[in-house]
Structure formats: C-alpha cells, structure tokens
$ cat input-v1.csv   # CSV, C-alpha atoms
chain,number,residue,atom,x,y,z
A,430,MET,CA,-60.6,-101.2,-156.6
A,431,GLU,CA,-60.0,-102.9,-159.9
A,432,ASN,CA,-60.2,-100.8,-163.1
A,433,ARG,CA,-60.5,-97.6,-161.1
A,434,ILE,CA,-58.8,-94.3,-160.9
A,435,LEU,CA,-57.0,-94.0,-157.5
A,436,GLY,CA,-56.9,-90.2,-157.2
A,437,LEU,CA,-53.9,-88.1,-158.4
A,438,HIS,CA,-50.6,-89.8,-159.3
A,439,HIS,CA,-48.5,-86.7,-160.1
A,440,ILE,CA,-48.6,-83.2,-161.5
A,441,THR,CA,-46.0,-81.8,-163.9
A,442,ALA,CA,-45.2,-78.1,-164.2
A,443,ILE,CA,-42.6,-75.9,-165.9
A,444,ALA,CA,-39.9,-74.0,-164.2
A,445,GLY,CA,-37.1,-71.7,-165.2
A,446,ASN,CA,-33.8,-71.9,-163.3
A,447,ALA,CA,-33.1,-75.4,-162.1
A,448,GLN,CA,-31.2,-74.4,-159.0
A,449,LYS,CA,-33.9,-72.1,-157.8
A,450,ASN,CA,-36.5,-74.8,-158.4
A,451,TYR,CA,-34.5,-77.4,-156.5
A,452,ASN,CA,-33.8,-75.0,-153.6
A,453,PHE,CA,-37.5,-73.9,-153.2
A,454,TYR,CA,-39.0,-77.4,-153.2
A,455,THR,CA,-36.4,-79.1,-151.1
A,456,LYS,CA,-35.2,-76.3,-148.7
A,457,VAL,CA,-38.3,-74.2,-148.4
A,458,LEU,CA,-41.1,-76.7,-148.8
A,459,GLY,CA,-39.1,-79.7,-147.5
A,460,LEU,CA,-39.9,-82.2,-150.2
A,461,ARG,CA,-37.5,-84.9,-151.2
A,462,LEU,CA,-35.9,-85.0,-154.7
A,463,VAL,CA,-36.8,-88.6,-155.4
A,464,LYS,CA,-35.6,-88.6,-159.0
A,465,LYS,CA,-33.2,-86.5,-161.1
A,466,THR,CA,-33.5,-87.5,-164.7
A,467,VAL,CA,-34.1,-85.7,-168.0
A,468,ASN,CA,-37.0,-84.7,-170.3
A,469,PHE,CA,-37.5,-87.8,-172.5
A,470,ASP,CA,-38.1,-85.5,-175.5
A,471,ASP,CA,-35.4,-82.9,-174.6
A,472,PRO,CA,-32.5,-84.6,-172.8
A,473,GLY,CA,-30.7,-81.3,-172.4
A,474,THR,CA,-33.4,-80.4,-169.8
A,475,TYR,CA,-33.8,-81.9,-166.3
A,476,HIS,CA,-36.9,-83.6,-165.1
A,477,PHE,CA,-37.1,-83.3,-161.4
A,478,TYR,CA,-39.5,-85.4,-159.2
A,479,PHE,CA,-40.3,-84.1,-155.7
A,480,GLY,CA,-42.3,-86.1,-153.2
A,481,ASP,CA,-42.2,-88.2,-150.0
A,482,GLU,CA,-39.5,-90.7,-149.1
A,483,VAL,CA,-40.2,-93.2,-151.9
A,484,GLY,CA,-42.2,-90.9,-154.3
A,485,THR,CA,-45.6,-92.4,-153.4
A,486,PRO,CA,-48.2,-91.6,-156.0
A,487,GLY,CA,-50.3,-88.7,-154.8
A,488,THR,CA,-47.2,-86.9,-153.4
A,489,ILE,CA,-45.2,-86.3,-156.6
A,490,LEU,CA,-44.8,-82.8,-158.2
A,491,THR,CA,-42.5,-82.9,-161.2
A,492,PHE,CA,-40.8,-80.1,-163.2
A,493,PHE,CA,-39.2,-79.4,-166.5
A,494,PRO,CA,-36.8,-76.5,-165.7
A,495,TRP,CA,-36.1,-74.7,-168.9
A,496,GLU,CA,-33.6,-71.9,-168.3
A,497,GLY,CA,-34.8,-68.5,-169.6
A,498,ILE,CA,-38.3,-69.7,-170.5
A,499,ARG,CA,-40.9,-66.9,-170.6
A,500,LYS,CA,-43.6,-66.8,-167.9
A,501,GLY,CA,-46.8,-68.6,-168.7
A,502,ILE,CA,-50.3,-67.1,-168.6
A,503,SER,CA,-52.8,-68.4,-166.1
A,504,GLY,CA,-56.2,-68.9,-167.6
A,505,THR,CA,-58.8,-71.4,-168.7
A,506,GLY,CA,-57.9,-74.9,-170.0
A,507,MET,CA,-55.3,-75.5,-167.3
A,508,ALA,CA,-54.7,-76.5,-163.7
A,509,THR,CA,-54.3,-73.2,-161.8
A,510,GLU,CA,-53.7,-74.3,-158.2
A,511,ILE,CA,-52.0,-77.3,-156.6
A,512,GLY,CA,-53.2,-78.0,-153.1
A,513,TYR,CA,-51.1,-79.9,-150.5
A,514,ALA,CA,-52.3,-81.4,-147.2
A,515,ILE,CA,-50.4,-80.4,-144.1
A,516,PRO,CA,-50.7,-81.7,-140.5
A,517,GLU,CA,-53.2,-80.1,-138.1
A,518,GLY,CA,-51.7,-77.2,-136.3
A,519,SER,CA,-49.1,-76.5,-139.0
A,520,PHE,CA,-50.7,-73.4,-140.5
A,521,SER,CA,-48.7,-70.9,-138.5
A,522,PHE,CA,-45.5,-72.8,-139.0
A,523,TRP,CA,-45.9,-72.5,-142.8
A,524,GLN,CA,-46.9,-68.8,-142.6
A,525,LYS,CA,-43.6,-68.1,-140.8
A,526,LYS,CA,-41.5,-70.4,-142.9
A,527,LEU,CA,-42.7,-68.9,-146.2
A,528,ALA,CA,-42.4,-65.4,-144.9
A,529,ALA,CA,-38.8,-66.1,-143.8
A,530,ALA,CA,-38.1,-67.2,-147.4
A,531,GLY,CA,-39.6,-64.0,-148.8
A,532,VAL,CA,-42.7,-65.7,-150.1
A,533,ARG,CA,-46.0,-63.7,-149.9
A,534,THR,CA,-49.0,-65.7,-148.7
A,535,GLN,CA,-52.7,-65.1,-148.6
A,536,SER,CA,-55.3,-67.0,-146.6
A,537,VAL,CA,-58.3,-68.1,-148.7
A,538,SER,CA,-61.2,-70.4,-148.1
A,539,HIS,CA,-62.5,-73.2,-150.3
A,540,PHE,CA,-65.7,-74.8,-149.0
A,541,ASP,CA,-65.2,-73.3,-145.5
A,542,ALA,CA,-61.6,-74.7,-145.2
A,543,ALA,CA,-58.7,-72.4,-144.8
A,544,HIS,CA,-55.9,-72.6,-147.4
A,545,LEU,CA,-52.6,-70.8,-147.4
A,546,LEU,CA,-52.1,-69.6,-151.0
A,547,PHE,CA,-48.7,-68.6,-152.4
A,548,GLN,CA,-46.6,-68.8,-155.5
A,549,ASP,CA,-43.3,-70.6,-156.2
A,550,PRO,CA,-40.3,-68.6,-157.7
A,551,ASP,CA,-41.7,-69.1,-161.2
A,552,GLY,CA,-45.3,-68.0,-160.3
A,553,LEU,CA,-46.9,-71.5,-159.9
A,554,PHE,CA,-49.9,-71.2,-157.5
A,555,LEU,CA,-49.7,-73.6,-154.5
A,556,SER,CA,-51.8,-73.9,-151.4
A,557,LEU,CA,-51.6,-75.7,-148.1
A,558,SER,CA,-54.5,-76.8,-146.0
A,559,GLU,CA,-54.8,-78.7,-142.7
A,560,ASN,CA,-56.8,-81.8,-143.6
A,561,GLY,CA,-57.7,-83.4,-140.4
A,562,SER,CA,-56.4,-86.6,-138.7
A,563,SER,CA,-57.7,-89.1,-141.3
A,564,ASP,CA,-54.7,-88.5,-143.6
A,565,GLY,CA,-52.0,-90.9,-142.3
A,566,ARG,CA,-49.3,-89.9,-144.8
A,567,ALA,CA,-46.1,-88.9,-143.1
A,568,GLY,CA,-44.5,-86.8,-145.8
A,569,TRP,CA,-40.7,-86.4,-146.0
A,570,THR,CA,-39.4,-85.8,-142.5
A,571,ALA,CA,-35.7,-86.5,-142.7
A,572,ASP,CA,-35.0,-82.8,-141.8
A,573,PRO,CA,-36.0,-82.2,-138.2
A,574,GLU,CA,-37.3,-78.8,-139.1
A,575,PHE,CA,-40.2,-80.4,-140.9
A,576,LYS,CA,-40.8,-83.4,-138.6
A,577,ASP,CA,-44.2,-82.2,-137.3
A,578,HIS,CA,-45.2,-80.1,-140.3
A,579,ALA,CA,-44.1,-81.9,-143.5
A,580,LEU,CA,-46.3,-81.7,-146.6
A,581,LYS,CA,-48.2,-84.9,-146.7
A,582,GLY,CA,-48.9,-84.9,-150.4
A,583,PHE,CA,-51.6,-83.6,-152.6
A,584,GLN,CA,-55.0,-82.5,-151.2
A,585,GLN,CA,-56.6,-81.3,-154.4
A,586,VAL,CA,-55.9,-79.8,-157.8
A,587,THR,CA,-58.0,-76.9,-159.2
A,588,LEU,CA,-58.8,-76.8,-163.0
A,589,THR,CA,-60.0,-73.5,-164.4
A,590,LEU,CA,-62.4,-73.9,-167.4
A,591,LYS,CA,-64.7,-71.9,-169.6
A,592,SER,CA,-67.3,-74.5,-169.1
A,593,THR,CA,-67.0,-77.2,-166.4
A,594,GLN,CA,-69.7,-79.6,-167.6
A,595,PRO,CA,-67.6,-81.5,-170.3
A,596,THR,CA,-64.7,-82.0,-167.8
A,597,ALA,CA,-67.1,-83.0,-165.1
A,598,GLU,CA,-68.4,-85.8,-167.4
A,599,ILE,CA,-64.9,-87.1,-167.8
A,600,LEU,CA,-64.3,-87.1,-164.0
A,601,THR,CA,-67.6,-88.8,-163.2
A,602,ASN,CA,-68.4,-91.1,-166.2
A,603,LEU,CA,-64.8,-92.1,-166.9
A,604,PHE,CA,-62.8,-91.7,-163.7
A,605,GLY,CA,-65.5,-92.5,-161.1
A,606,TYR,CA,-65.5,-89.2,-159.2
A,607,GLU,CA,-68.6,-87.9,-157.6
A,608,LEU,CA,-70.0,-84.4,-157.2
A,609,LYS,CA,-69.5,-83.4,-153.5
A,610,GLU,CA,-70.0,-79.6,-153.2
A,611,LYS,CA,-70.7,-76.5,-155.2
A,612,ALA,CA,-70.2,-72.9,-154.1
A,613,GLY,CA,-70.5,-70.1,-156.6
A,614,ASN,CA,-68.4,-71.0,-159.7
A,615,ARG,CA,-66.4,-73.7,-157.9
A,616,THR,CA,-67.5,-77.3,-157.9
A,617,ARG,CA,-65.7,-80.1,-156.0
A,618,TYR,CA,-65.4,-83.7,-157.2
A,619,GLU,CA,-64.0,-86.5,-155.1
A,620,THR,CA,-63.3,-90.2,-155.6
A,621,SER,CA,-64.0,-92.7,-152.8
A,622,SER,CA,-61.5,-95.2,-154.3
A,623,ILE,CA,-58.8,-93.8,-152.1
A,624,GLY,CA,-58.8,-91.4,-149.1
A,625,THR,CA,-56.0,-89.0,-150.1
A,626,ALA,CA,-55.1,-86.9,-153.1
A,627,ASN,CA,-58.6,-87.6,-154.3
A,628,ILE,CA,-60.1,-84.1,-154.9
A,629,VAL,CA,-60.5,-82.1,-158.1
A,630,ASP,CA,-62.0,-78.7,-158.0
A,631,LEU,CA,-63.5,-77.2,-161.2
A,632,VAL,CA,-63.7,-73.4,-161.5
A,633,GLU,CA,-65.9,-72.0,-164.3
A,634,LEU,CA,-64.8,-68.7,-165.8
A,635,PRO,CA,-66.7,-68.3,-169.2
A,636,THR,CA,-65.1,-65.0,-170.1
A,637,GLU,CA,-61.6,-65.7,-169.0
A,638,ARG,CA,-58.8,-65.9,-171.6
A,639,PRO,CA,-57.2,-69.3,-172.3
A,640,GLY,CA,-54.1,-70.0,-170.4
A,641,HIS,CA,-50.7,-70.4,-172.0
A,642,VAL,CA,-48.4,-73.1,-170.7
A,643,ALA,CA,-44.9,-71.9,-170.0
A,644,GLY,CA,-42.8,-71.0,-166.9
A,645,GLY,CA,-44.8,-71.1,-163.7
A,646,SER,CA,-47.7,-73.1,-165.1
A,647,THR,CA,-48.8,-76.8,-165.1
A,648,HIS,CA,-48.1,-79.0,-168.1
A,649,HIS,CA,-50.4,-81.9,-167.2
A,650,VAL,CA,-52.3,-83.6,-164.4
A,651,ALA,CA,-51.7,-87.3,-164.0
A,652,PHE,CA,-54.3,-89.7,-162.4
A,653,ARG,CA,-53.3,-92.9,-160.7
A,654,VAL,CA,-54.1,-96.6,-161.5
A,655,ARG,CA,-52.8,-99.7,-160.0
A,656,ASP,CA,-51.2,-101.4,-163.0
A,657,GLU,CA,-51.0,-101.7,-166.7
A,658,SER,CA,-54.1,-103.9,-167.0
A,659,THR,CA,-56.2,-101.1,-165.5
A,660,LEU,CA,-54.4,-98.6,-167.7
A,661,MET,CA,-55.3,-100.3,-170.9
A,662,HIS,CA,-58.9,-100.9,-169.7
A,663,LEU,CA,-59.3,-97.1,-169.3
A,664,ARG,CA,-57.6,-96.5,-172.6
A,665,THR,CA,-60.5,-98.3,-174.3
A,666,LYS,CA,-63.0,-96.3,-172.3
A,667,VAL,CA,-61.4,-93.0,-173.4
A,668,GLU,CA,-61.5,-94.1,-177.0
A,669,ASP,CA,-65.2,-95.2,-176.6
A,670,MET,CA,-65.9,-91.6,-175.5
A,671,GLY,CA,-64.5,-90.4,-178.9
A,672,LEU,CA,-61.3,-88.9,-177.5
A,673,SER,CA,-57.9,-89.3,-178.9
A,674,ILE,CA,-55.4,-91.0,-176.6
A,675,THR,CA,-51.7,-92.0,-176.9
A,676,PRO,CA,-50.4,-95.6,-177.0
A,677,LYS,CA,-48.9,-96.8,-173.7
A,678,ILE,CA,-45.7,-95.1,-173.0
A,679,ASP,CA,-42.9,-96.4,-170.7
A,680,ARG,CA,-41.7,-93.6,-168.5
A,681,ASN,CA,-39.3,-95.9,-166.6
A,682,TYR,CA,-41.0,-95.3,-163.3
A,683,PHE,CA,-44.5,-95.8,-164.5
A,684,PHE,CA,-46.5,-96.5,-167.6
A,685,SER,CA,-48.6,-93.7,-169.1
A,686,LEU,CA,-51.4,-92.7,-171.4
A,687,TYR,CA,-52.1,-89.0,-172.4
A,688,PHE,CA,-55.2,-87.4,-173.7
A,689,ARG,CA,-56.6,-83.9,-173.7
A,690,GLU,CA,-60.0,-83.6,-171.9
A,691,PRO,CA,-62.7,-81.4,-173.6
A,692,GLY,CA,-61.9,-78.4,-171.4
A,693,GLY,CA,-58.3,-78.3,-172.7
A,694,VAL,CA,-56.4,-79.7,-169.8
A,695,LEU,CA,-53.8,-82.4,-170.7
A,696,PHE,CA,-54.6,-85.5,-168.6
A,697,GLU,CA,-52.3,-88.4,-168.0
A,698,ILE,CA,-53.1,-91.8,-166.6
A,699,ALA,CA,-50.1,-93.4,-164.8
A,700,THR,CA,-49.5,-96.7,-163.1
A,701,ASP,CA,-48.1,-97.4,-159.6
A,702,ASN,CA,-45.6,-99.8,-161.0
A,703,PRO,CA,-42.6,-100.1,-161.2
A,704,GLY,CA,-41.9,-97.1,-158.9
A,705,PHE,CA,-38.9,-94.9,-158.3
A,706,ALA,CA,-36.7,-97.6,-156.6
A,707,VAL,CA,-36.4,-99.5,-159.8
A,708,ASP,CA,-33.0,-98.0,-160.6
A,709,GLU,CA,-31.8,-96.6,-157.2
A,710,ALA,CA,-32.0,-97.8,-153.7
A,711,VAL,CA,-34.5,-95.9,-151.5
A,712,ASP,CA,-31.8,-94.3,-149.4
A,713,GLN,CA,-30.1,-93.1,-152.7
A,714,LEU,CA,-33.2,-91.7,-154.5
A,715,GLY,CA,-32.5,-88.5,-156.3
A,716,SER,CA,-28.7,-88.7,-155.6
A,717,HIS,CA,-27.7,-89.6,-159.2
A,718,LEU,CA,-28.6,-88.5,-162.7
A,719,LYS,CA,-30.6,-91.3,-164.1
A,720,LEU,CA,-31.0,-91.4,-167.9
A,721,PRO,CA,-33.4,-93.3,-170.1
A,722,ALA,CA,-31.6,-96.2,-171.8
A,723,GLN,CA,-31.7,-94.4,-175.2
A,724,TYR,CA,-29.6,-91.6,-173.8
A,725,GLU,CA,-27.1,-93.5,-171.8
A,726,GLU,CA,-24.5,-93.6,-174.5
A,727,SER,CA,-24.6,-89.7,-174.6
A,728,ARG,CA,-24.2,-89.3,-170.9
A,729,SER,CA,-21.0,-87.3,-171.0
A,730,GLU,CA,-22.5,-84.8,-173.5
A,731,ILE,CA,-25.7,-84.5,-171.6
A,732,GLU,CA,-23.9,-83.9,-168.3
A,733,LYS,CA,-22.0,-81.0,-169.9
A,734,VAL,CA,-25.2,-79.3,-171.0
A,735,LEU,CA,-27.2,-79.7,-167.8
A,736,PRO,CA,-26.6,-77.1,-165.1
A,737,GLN,CA,-24.9,-78.3,-161.9
A,738,ILE,CA,-27.2,-78.6,-159.0
A,739,ILE,CA,-25.7,-78.1,-155.5
$ encode --input "input-v1.csv" --output "structure tokens"
Amino acid sequence: MENRILGLHHITAIAGNAQKNYNFYTKVLGLRLVKKTVNFDDPGTYHFYFGDEVGTPGTILTFFPWEGIRKGISGTGMATEIGYAIPEGSFSFWQKKLAAAGVRTQSVSHFDAAHLLFQDPDGLFLSLSENGSSDGRAGWTADPEFKDHALKGFQQVTLTLKSTQPTAEILTNLFGYELKEKAGNRTRYETSSIGTANIVDLVELPTERPGHVAGGSTHHVAFRVRDESTLMHLRTKVEDMGLSITPKIDRNYFFSLYFREPGGVLFEIATDNPGFAVDEAVDQLGSHLKLPAQYEESRSEIEKVLPQII
C-alpha cells in the first residue's frame, strides 16, 4: 500500500446560499457537517465539509458557498457527476425522500448498474447507487430516519473530457488505476488499493464546450494518500511527467498538493493525517466555527460577515 493512491479523498464544489447548502446535505441527504471553517483564501466565505461520523476520506464532500454566485456551465474539463454508494434495498427510500423534498430524479444506468441521478439546489449533479454487500461503511446514522439507508460515501466520480487518453494516462501511470470497462464513450477506471471510493469514470465528448466553474459545479477532485511521505513521493512523479504542481500545503486537516491534469480537471492529492478531530472532539465535529491560525485574531470581524447557519 505504500506510495499508492487510495482512491478518492474528497471532492470540493461551489454553492450559493450557505443555509440552503447546509439544509440539503444534512437534512435531505443526511450527511454530517464534520467541519465548519472558512475558505483559506477568502475568509469571508465558509468552507463546509460533509461526510460520515469522523469525516473519513472517501466520504467527504466540501463546499465554498458564495452568496449570489452565478451558475456554472457543465462541460468538458471538469467533474460532472458525483456518485454515492447506498445500502442494498435503499433505492425506493431515496426516490421517495428526494421527491418529498421537491427534487426531481432520473434513473440512469452505468455499466448495467442503476443510478438515481439528481441535482442539488445549485445544480450540482449527484447520483446514488446500491453497491452490494462488500462496502462495509456505515455512513452517518445518528438520525433514525437514515439508519438503514445512509449514504456510505463516494462510489465514483465522473470526469467529462474532450479526449480521455491524457487523463487516463495520469490515472494509470501515476495513480495506479486500471481500465475495468468501456461502454460507448464512457470508460471506467478502478484502483485495487482500496475497496471503496475507488472508481473514476471518464466520458469523452470531443465537440462539447468547456465547462465553467461557478455555482453548482465542482472545483476539484482530491485523491487520497496515507501520509506526507507518500504525498511527496507522488509530487516527484508528477513533476517527472512534466506537469506543474504546487508545494505542500497545510490545510489543517490534511496536507495537499494541487495540479491540473491534461484534460483540464484540477486534481488534489491529500493525506489521511491529521484528520478532522485535530481541533474538535468527535462528538463536537462541525459544532463550532474553526479558523486557520492566521485568521484567529480577526474572528469577530469574520463572524460578522459570515451568514448565520441554523
């Protein structure tokens, strides 16, 4: 397992209204807000992390909610669908739950597996699929309503590209993924380094317009590594492929590197350590506004700017 990508770590997207974003992901989808902090580059904006009880890598969807941001444009060079795994027998529960919340759903099939496709309040595409009994993740089950149906974590992410080959080379040659299936213009890659959150689908649309990242679209896709040693090993490999990559960045809850893969998607590599309990007890995760050290002295001003979440 050393020096290997361990599937997906987290995915970050952009939202509009912070309250609507919080309500949808906690009350409709039943995820836990595991961290409430701010955008490190824009402390007047929240950074929400939604996941399971402890924010296990592979369960974490994060958002920058910018009030009034215009809607993004879905297209090539971006992640266009985020897929969650749900327990077997949960499909009908989620159809009814989403319908009750006024969310339109559509049943689609990827590689002969049924997916329940829908959009969040900002237009971000999500899907749910029953993934079989091999996924032992429990999800966040504190609310009895979700006890038998909780989202387990990511199943797959779909990247839409003008040409899939350059991105496929990153997945296989750098990240250790393997080609599993191909159907039409969709190709599936999977890593055997871990059994969950380990699938990336590439969709090739040569004539599609490039996407524009704004409200309701993904900002980046983060892949998981065990620790900083592995992180820096992979940094060298990225540089050896002739790609530009950032220095190591401390995100308080993990260490990161960022680079843009040839198809245009912003990739991050993020560590498991130190985790979200580094500054809050597990039973208190998401209960307090946690600020990076450089903004702590400005807490009162920041709290006045941020919208109140109830």
$ atom_distance --input "input-v1.csv" --atom1 "atom CA of A:Ala706" --atom2 "atom CA of A:Glu574"
25.7 Å
$ residues_around --input "input-v1.csv" --residues "A:Ala542" --least-positions-apart "4" --cutoff "10 Å" --atoms "all atoms listed in the file" --output "MDAnalysis selection string"
chainID A and resid 537:538 558:560
$ closest_residue --input "input-v1.csv" --among "A:Ser646, A:Gln584, A:Asn452, A:Ser519" --to "A:Ile489" --atoms "all atoms listed in the file"
A:Gln584
$ residues_near_point --input "input-v1.csv" --point "(-48.3, -74.3, -170.1)" --cutoff "12 Å" --atoms "all atoms listed in the file" --output "JSON, numbers by chain"
{"A": [441, 442, 443, 444, 492, 493, 498, 499, 500, 501, 502, 503, 504, 505, 506, 507, 508, 509, 553, 639, 640, 641, 642, 643, 644, 645, 646, 647, 648, 649, 650, 693, 694, 695]}
$ residues_around --input "input-v1.csv" --residues "stretch 660-666 of chain A" --least-positions-apart "6" --cutoff "8 Å" --atoms "all atoms listed in the file" --output "PyMOL selection string"
chain A and resi 432+603+654+674+677+685-686+698-700
$ atom_distance --input "input-v1.csv" --atom1 "atom CA of A:Thr474" --atom2 "atom CA of A:Leu555"
23.4 Å
$ closest_residue --input "input-v1.csv" --among "A:Ala530, A:Asn627, A:Leu437, A:Asp549" --to "A:Tyr451" --atoms "only C-alpha atoms"
A:Asp549
$ atom_distance --input "input-v1.csv" --atom1 "atom CA of A:Thr570" --atom2 "atom CA of A:Leu735"
28.7 Å
$ axis_aligned_box --input "input-v1.csv" --around "stretch 547-561 of chain A" --padding-each-side "5 Å" --output "AutoDock Vina command-line options"
--center_x -49.0 --center_y -75.7 --center_z -150.8 --size_x 27.4 --size_y 25.4 --size_z 30.8
$ residues_around --input "input-v1.csv" --residues "A:Ala528" --least-positions-apart "5" --cutoff "12 Å" --atoms "all atoms listed in the file" --output "PyMOL selection string"
chain A and resi 457+521-523+533-535+545+547-548
$ build_atoms --input "input-v1.csv" --residues "stretch 687-715 of chain A" --atoms "N, CA and C atoms" --output "PDB file, keeping the file's coordinate frame"
ATOM      1  N   TYR A 687     -51.775 -90.463-172.404  1.00  0.00           N
ATOM      2  CA  TYR A 687     -52.100 -89.000-172.400  1.00  0.00           C
ATOM      3  C   TYR A 687     -53.286 -88.752-173.285  1.00  0.00           C
ATOM      4  N   PHE A 688     -54.165 -87.888-172.801  1.00  0.00           N
ATOM      5  CA  PHE A 688     -55.200 -87.400-173.700  1.00  0.00           C
ATOM      6  C   PHE A 688     -55.635 -86.002-173.163  1.00  0.00           C
ATOM      7  N   ARG A 689     -56.174 -85.204-174.052  1.00  0.00           N
ATOM      8  CA  ARG A 689     -56.600 -83.900-173.700  1.00  0.00           C
ATOM      9  C   ARG A 689     -58.127 -83.902-173.473  1.00  0.00           C
ATOM     10  N   GLU A 690     -58.532 -83.566-172.257  1.00  0.00           N
ATOM     11  CA  GLU A 690     -60.000 -83.600-171.900  1.00  0.00           C
ATOM     12  C   GLU A 690     -60.653 -82.415-172.639  1.00  0.00           C
ATOM     13  N   PRO A 691     -61.988 -82.437-172.762  1.00  0.00           N
ATOM     14  CA  PRO A 691     -62.700 -81.400-173.600  1.00  0.00           C
ATOM     15  C   PRO A 691     -62.462 -79.985-173.141  1.00  0.00           C
ATOM     16  N   GLY A 692     -62.138 -79.756-171.869  1.00  0.00           N
ATOM     17  CA  GLY A 692     -61.900 -78.400-171.400  1.00  0.00           C
ATOM     18  C   GLY A 692     -60.527 -77.861-171.733  1.00  0.00           C
ATOM     19  N   GLY A 693     -59.651 -78.718-172.281  1.00  0.00           N
ATOM     20  CA  GLY A 693     -58.300 -78.300-172.700  1.00  0.00           C
ATOM     21  C   GLY A 693     -57.179 -78.712-171.850  1.00  0.00           C
ATOM     22  N   VAL A 694     -57.437 -79.330-170.689  1.00  0.00           N
ATOM     23  CA  VAL A 694     -56.400 -79.700-169.800  1.00  0.00           C
ATOM     24  C   VAL A 694     -55.784 -81.073-170.277  1.00  0.00           C
ATOM     25  N   LEU A 695     -54.453 -81.154-170.319  1.00  0.00           N
ATOM     26  CA  LEU A 695     -53.800 -82.400-170.700  1.00  0.00           C
ATOM     27  C   LEU A 695     -53.849 -83.343-169.475  1.00  0.00           C
ATOM     28  N   PHE A 696     -54.500 -84.481-169.641  1.00  0.00           N
ATOM     29  CA  PHE A 696     -54.600 -85.500-168.600  1.00  0.00           C
ATOM     30  C   PHE A 696     -53.651 -86.645-168.938  1.00  0.00           C
ATOM     31  N   GLU A 697     -53.082 -87.231-167.915  1.00  0.00           N
ATOM     32  CA  GLU A 697     -52.300 -88.400-168.000  1.00  0.00           C
ATOM     33  C   GLU A 697     -52.906 -89.475-167.090  1.00  0.00           C
ATOM     34  N   ILE A 698     -52.823 -90.722-167.456  1.00  0.00           N
ATOM     35  CA  ILE A 698     -53.100 -91.800-166.600  1.00  0.00           C
ATOM     36  C   ILE A 698     -51.853 -92.601-166.366  1.00  0.00           C
ATOM     37  N   ALA A 699     -51.439 -92.808-165.112  1.00  0.00           N
ATOM     38  CA  ALA A 699     -50.100 -93.400-164.800  1.00  0.00           C
ATOM     39  C   ALA A 699     -50.252 -94.525-163.811  1.00  0.00           C
ATOM     40  N   THR A 700     -49.424 -95.533-163.963  1.00  0.00           N
ATOM     41  CA  THR A 700     -49.500 -96.700-163.100  1.00  0.00           C
ATOM     42  C   THR A 700     -48.608 -96.543-161.847  1.00  0.00           C
ATOM     43  N   ASP A 701     -48.936 -97.314-160.820  1.00  0.00           N
ATOM     44  CA  ASP A 701     -48.100 -97.400-159.600  1.00  0.00           C
ATOM     45  C   ASP A 701     -46.764 -98.058-159.925  1.00  0.00           C
ATOM     46  N   ASN A 702     -46.784 -99.052-160.776  1.00  0.00           N
ATOM     47  CA  ASN A 702     -45.600 -99.800-161.000  1.00  0.00           C
ATOM     48  C   ASN A 702     -44.740 -99.193-162.155  1.00  0.00           C
ATOM     49  N   PRO A 703     -43.414 -99.385-162.145  1.00  0.00           N
ATOM     50  CA  PRO A 703     -42.600-100.100-161.200  1.00  0.00           C
ATOM     51  C   PRO A 703     -42.173 -99.296-159.965  1.00  0.00           C
ATOM     52  N   GLY A 704     -42.308 -97.967-160.002  1.00  0.00           N
ATOM     53  CA  GLY A 704     -41.900 -97.100-158.900  1.00  0.00           C
ATOM     54  C   GLY A 704     -40.487 -96.575-159.054  1.00  0.00           C
ATOM     55  N   PHE A 705     -40.112 -95.664-158.168  1.00  0.00           N
ATOM     56  CA  PHE A 705     -38.900 -94.900-158.300  1.00  0.00           C
ATOM     57  C   PHE A 705     -37.638 -95.698-157.815  1.00  0.00           C
ATOM     58  N   ALA A 706     -37.833 -96.786-157.081  1.00  0.00           N
ATOM     59  CA  ALA A 706     -36.700 -97.600-156.600  1.00  0.00           C
ATOM     60  C   ALA A 706     -36.241 -98.615-157.606  1.00  0.00           C
ATOM     61  N   VAL A 707     -36.756 -98.556-158.815  1.00  0.00           N
ATOM     62  CA  VAL A 707     -36.400 -99.500-159.800  1.00  0.00           C
ATOM     63  C   VAL A 707     -34.950 -99.406-160.267  1.00  0.00           C
ATOM     64  N   ASP A 708     -34.371 -98.187-160.161  1.00  0.00           N
ATOM     65  CA  ASP A 708     -33.000 -98.000-160.600  1.00  0.00           C
ATOM     66  C   ASP A 708     -32.100 -97.320-159.554  1.00  0.00           C
ATOM     67  N   GLU A 709     -32.624 -97.102-158.344  1.00  0.00           N
ATOM     68  CA  GLU A 709     -31.800 -96.600-157.200  1.00  0.00           C
ATOM     69  C   GLU A 709     -32.394 -97.145-155.940  1.00  0.00           C
ATOM     70  N   ALA A 710     -31.512 -97.419-154.986  1.00  0.00           N
ATOM     71  CA  ALA A 710     -32.000 -97.800-153.700  1.00  0.00           C
ATOM     72  C   ALA A 710     -32.724 -96.667-153.020  1.00  0.00           C
ATOM     73  N   VAL A 711     -33.668 -96.971-152.131  1.00  0.00           N
ATOM     74  CA  VAL A 711     -34.500 -95.900-151.500  1.00  0.00           C
ATOM     75  C   VAL A 711     -33.647 -94.875-150.837  1.00  0.00           C
ATOM     76  N   ASP A 712     -32.585 -95.281-150.154  1.00  0.00           N
ATOM     77  CA  ASP A 712     -31.800 -94.300-149.400  1.00  0.00           C
ATOM     78  C   ASP A 712     -30.910 -93.451-150.386  1.00  0.00           C
ATOM     79  N   GLN A 713     -30.898 -93.810-151.675  1.00  0.00           N
ATOM     80  CA  GLN A 713     -30.100 -93.100-152.700  1.00  0.00           C
ATOM     81  C   GLN A 713     -30.998 -92.304-153.654  1.00  0.00           C
ATOM     82  N   LEU A 714     -32.295 -92.354-153.488  1.00  0.00           N
ATOM     83  CA  LEU A 714     -33.200 -91.700-154.500  1.00  0.00           C
ATOM     84  C   LEU A 714     -32.827 -90.250-154.663  1.00  0.00           C
ATOM     85  N   GLY A 715     -32.752 -89.844-155.938  1.00  0.00           N
ATOM     86  CA  GLY A 715     -32.500 -88.500-156.300  1.00  0.00           C
ATOM     87  C   GLY A 715     -31.000 -88.080-156.198  1.00  0.00           C
TER      88      GLY A 715
END
